[in-house]
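For reference, final_37.pdb (PDB, C-alpha atoms):
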```pdb
ATOM      1  CA  MET A1274      -4.322 -13.197   4.525
ATOM      2  CA  THR A1275      -2.671 -14.903   1.612
ATOM      3  CA  PHE A1276      -0.325 -13.223  -0.844
ATOM      4  CA  THR A1277       1.187 -14.628  -4.012
ATOM      5  CA  LEU A1278       4.544 -13.001  -4.694
ATOM      6  CA  ARG A1279       7.153 -13.228  -7.390
ATOM      7  CA  ASP A1280      10.831 -13.586  -6.425
ATOM      8  CA  SER A1281      11.556  -9.855  -6.302
ATOM      9  CA  GLN A1282       8.324  -8.741  -4.598
ATOM     10  CA  ARG A1283       7.965  -7.881  -0.915
ATOM     11  CA  VAL A1284       5.090  -7.151   1.469
ATOM     12  CA  ARG A1285       5.596  -4.731   4.374
ATOM     13  CA  GLU A1286       3.311  -4.918   7.400
ATOM     14  CA  THR A1287       3.001  -2.535  10.318
ATOM     15  CA  VAL A1288       0.851  -3.205  13.375
ATOM     16  CA  GLU A1289       0.127  -0.629  16.091
ATOM     17  CA  VAL A1290      -1.822  -1.311  19.289
ATOM     18  CA  THR A1291      -2.875   1.404  21.749
ATOM     19  CA  TYR A1292      -3.763   0.330  25.291
ATOM     20  CA  ASP A1293      -5.838   2.557  27.563
ATOM     21  CA  SER A1294      -3.487   1.895  30.490
ATOM     22  CA  LEU A1295       0.257   1.994  31.026
ATOM     23  CA  ALA A1296       2.594  -0.967  30.857
ATOM     24  CA  TYR A1297       4.556   0.495  33.810
ATOM     25  CA  PRO A1298       3.409   2.830  36.604
ATOM     26  CA  LEU A1299       3.963   6.537  35.913
ATOM     27  CA  ALA A1300       3.034   9.584  37.965
ATOM     28  CA  LEU A1301       2.583  12.986  36.296
ATOM     29  CA  GLY A1302       1.294  16.174  37.807
ATOM     30  CA  ARG A1303       0.930  19.856  36.993
ATOM     31  CA  GLU A1304      -1.597  22.517  37.899
ATOM     32  CA  MET A1305      -4.481  22.977  35.444
ATOM     33  CA  THR A1306      -3.159  20.175  33.211
ATOM     34  CA  TYR A1307      -4.825  16.928  32.163
ATOM     35  CA  PHE A1308      -2.622  14.022  31.078
ATOM     36  CA  VAL A1309      -3.754  11.083  28.952
ATOM     37  CA  LYS A1310      -1.582   8.105  29.817
ATOM     38  CA  ARG A1311      -1.511   5.081  27.527
ATOM     39  CA  THR A1312       0.864   2.508  26.104
ATOM     40  CA  ILE A1313       1.448   2.310  22.337
ATOM     41  CA  VAL A1314       3.232  -0.711  20.889
ATOM     42  CA  ASN A1315       4.153  -1.026  17.233
ATOM     43  CA  ALA A1316       6.020  -3.573  15.162
ATOM     44  CA  GLY A1317       6.831  -4.047  11.517
ATOM     45  CA  ALA A1318       8.172  -6.739   9.257
ATOM     46  CA  THR A1319       8.944  -7.274   5.590
ATOM     47  CA  PHE A1320       8.119 -10.561   3.910
ATOM     48  CA  GLY A1321       9.299 -11.891   0.568
ATOM     49  CA  ALA A1322       8.772 -14.916  -1.609
ATOM     50  CA  ARG A1323      10.769 -18.048  -0.822
ATOM     51  CA  GLU A1324      13.428 -18.929  -3.322
ATOM     52  CA  GLU A1325      12.769 -22.220  -5.055
ATOM     53  CA  ARG A1326      15.552 -24.801  -4.873
ATOM     54  CA  ARG A1327      16.543 -26.206  -8.247
ATOM     55  CA  GLN A1328      18.257 -29.557  -8.504
TER      56      GLN A1328
END
```
Starting from the coordinates I provided, produce the structure as structure tokens.
Amino acid sequence: MTFTLRDSQRVRETVEVTYDSLAYPLALGREMTYFVKRTIVNAGATFGAREERRQ
């Protein structure tokens, strides 16, 4: 993707990934209960325009 921003503008991104397995082993148990185990990872960042250097 390419964005053109002015000095005061920002772009916020959020990424979320869901895996169908666990990152670390985990044991759960209970009668008449079904557990869905998965790993969810999310990250976010804010980007802004670079300031131009004036000489």
request  = Do a neighbour search on Leu1299 (chain A) at 12 Å with all atoms listed in the file, toss out local chain neighbours closer than 6 positions, and write the hits as a PyMOL selection string.
outcome  = chain A and resi 1308-1312
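Here CA of Val1290 (chain A) stands at a distance of 27.7 Å from CA of Arg1303 (chain A).
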task = Name the residues that the PyMOL selection byres ((chain A and resi 1315) around 6) pulls out of this structure, and write them as a ChimeraX atom specification.
result = /A:1288-1289,1314,1316
query = When you draw a straight line from CA of Phe1320 (chain A) to CA of Thr1291 (chain A), how long is it in Å?
reply = 24.1 Å
request  = With a distance cut-off of 12 Å and all atoms listed in the file, select the neighbouring residues of Gly1321 (chain A), excluding the residue or stretch itself and same-chain residues fewer than 3 positions from it, and output the selection as a VMD selection string.
outcome  = chain A and resid 1276 to 1286 1318 1324
ask   = Quick one, how far is CA of Gly1317 (chain A) from CA of Ala1296 (chain A)?
value = 20.0 Å
Determine the axis-aligned bounding box of all atoms of region 1286-1303 of chain A present in the file, pad each side by 6 Å, and express its centre and edge lengths in Å to one decimal place as JSON.
```
{"center_x": -0.6, "center_y": 7.5, "center_z": 22.7, "size_x": 22.4, "size_y": 36.8, "size_z": 42.6}
```
From the coordinates supplied, chain A should be written with C-alpha atoms, as a PDB file, in the first residue's frame.
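So decode36.pdb came out as:
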```
ATOM      1  CA  MET A1274       0.000   0.000   0.000  1.00  0.00           C
ATOM      2  CA  THR A1275       1.079   3.552  -0.582  1.00  0.00           C
ATOM      3  CA  PHE A1276      -0.255   6.562   1.293  1.00  0.00           C
ATOM      4  CA  THR A1277       0.424  10.230   0.671  1.00  0.00           C
ATOM      5  CA  LEU A1278       0.168  12.176   3.916  1.00  0.00           C
ATOM      6  CA  ARG A1279       0.464  15.784   4.926  1.00  0.00           C
ATOM      7  CA  ASP A1280       2.595  16.723   7.955  1.00  0.00           C
ATOM      8  CA  SER A1281      -0.217  16.438  10.500  1.00  0.00           C
ATOM      9  CA  GLN A1282      -1.863  13.278   9.123  1.00  0.00           C
ATOM     10  CA  ARG A1283      -1.434   9.780  10.541  1.00  0.00           C
ATOM     11  CA  VAL A1284      -2.372   6.248   9.476  1.00  0.00           C
ATOM     12  CA  ARG A1285      -3.183   3.618  12.117  1.00  0.00           C
ATOM     13  CA  GLU A1286      -2.883  -0.067  11.259  1.00  0.00           C
ATOM     14  CA  THR A1287      -3.989  -3.087  13.245  1.00  0.00           C
ATOM     15  CA  VAL A1288      -3.215  -6.670  12.251  1.00  0.00           C
ATOM     16  CA  GLU A1289      -4.722  -9.735  13.944  1.00  0.00           C
ATOM     17  CA  VAL A1290      -3.807 -13.344  13.151  1.00  0.00           C
ATOM     18  CA  THR A1291      -5.655 -16.361  14.571  1.00  0.00           C
ATOM     19  CA  TYR A1292      -3.858 -19.715  14.524  1.00  0.00           C
ATOM     20  CA  ASP A1293      -5.774 -22.981  14.824  1.00  0.00           C
ATOM     21  CA  SER A1294      -3.232 -24.334  17.322  1.00  0.00           C
ATOM     22  CA  LEU A1295      -1.612 -23.054  20.492  1.00  0.00           C
ATOM     23  CA  ALA A1296       1.772 -21.397  20.732  1.00  0.00           C
ATOM     24  CA  TYR A1297       2.375 -23.251  24.035  1.00  0.00           C
ATOM     25  CA  PRO A1298       0.927 -26.550  25.297  1.00  0.00           C
ATOM     26  CA  LEU A1299      -2.221 -26.203  27.418  1.00  0.00           C
ATOM     27  CA  ALA A1300      -4.443 -28.852  28.968  1.00  0.00           C
ATOM     28  CA  LEU A1301      -8.085 -28.082  29.810  1.00  0.00           C
ATOM     29  CA  GLY A1302     -10.763 -30.448  30.967  1.00  0.00           C
ATOM     30  CA  ARG A1303     -14.304 -30.422  32.313  1.00  0.00           C
ATOM     31  CA  GLU A1304     -17.251 -32.770  32.020  1.00  0.00           C
ATOM     32  CA  MET A1305     -19.673 -32.050  29.160  1.00  0.00           C
ATOM     33  CA  THR A1306     -17.562 -29.093  27.983  1.00  0.00           C
ATOM     34  CA  TYR A1307     -15.866 -28.512  24.637  1.00  0.00           C
ATOM     35  CA  PHE A1308     -12.906 -26.126  24.488  1.00  0.00           C
ATOM     36  CA  VAL A1309     -11.635 -24.397  21.352  1.00  0.00           C
ATOM     37  CA  LYS A1310      -7.938 -23.715  21.806  1.00  0.00           C
ATOM     38  CA  ARG A1311      -6.166 -21.266  19.514  1.00  0.00           C
ATOM     39  CA  THR A1312      -3.537 -18.551  19.559  1.00  0.00           C
ATOM     40  CA  ILE A1313      -4.463 -14.967  18.631  1.00  0.00           C
ATOM     41  CA  VAL A1314      -1.703 -12.445  17.971  1.00  0.00           C
ATOM     42  CA  ASN A1315      -2.355  -8.781  17.285  1.00  0.00           C
ATOM     43  CA  ALA A1316      -0.182  -5.745  16.723  1.00  0.00           C
ATOM     44  CA  GLY A1317      -0.740  -2.121  15.873  1.00  0.00           C
ATOM     45  CA  ALA A1318       1.276   0.854  14.760  1.00  0.00           C
ATOM     46  CA  THR A1319       0.746   4.487  13.838  1.00  0.00           C
ATOM     47  CA  PHE A1320       2.592   6.020  10.915  1.00  0.00           C
ATOM     48  CA  GLY A1321       3.012   9.672  10.013  1.00  0.00           C
ATOM     49  CA  ALA A1322       4.583  11.742   7.290  1.00  0.00           C
ATOM     50  CA  ARG A1323       8.311  12.431   7.500  1.00  0.00           C
ATOM     51  CA  GLU A1324       9.248  15.982   8.277  1.00  0.00           C
ATOM     52  CA  GLU A1325      11.146  17.641   5.465  1.00  0.00           C
ATOM     53  CA  ARG A1326      14.513  19.149   6.371  1.00  0.00           C
ATOM     54  CA  ARG A1327      14.910  22.752   5.271  1.00  0.00           C
ATOM     55  CA  GLN A1328      18.339  24.247   4.790  1.00  0.00           C
TER      56      GLN A1328
END
```
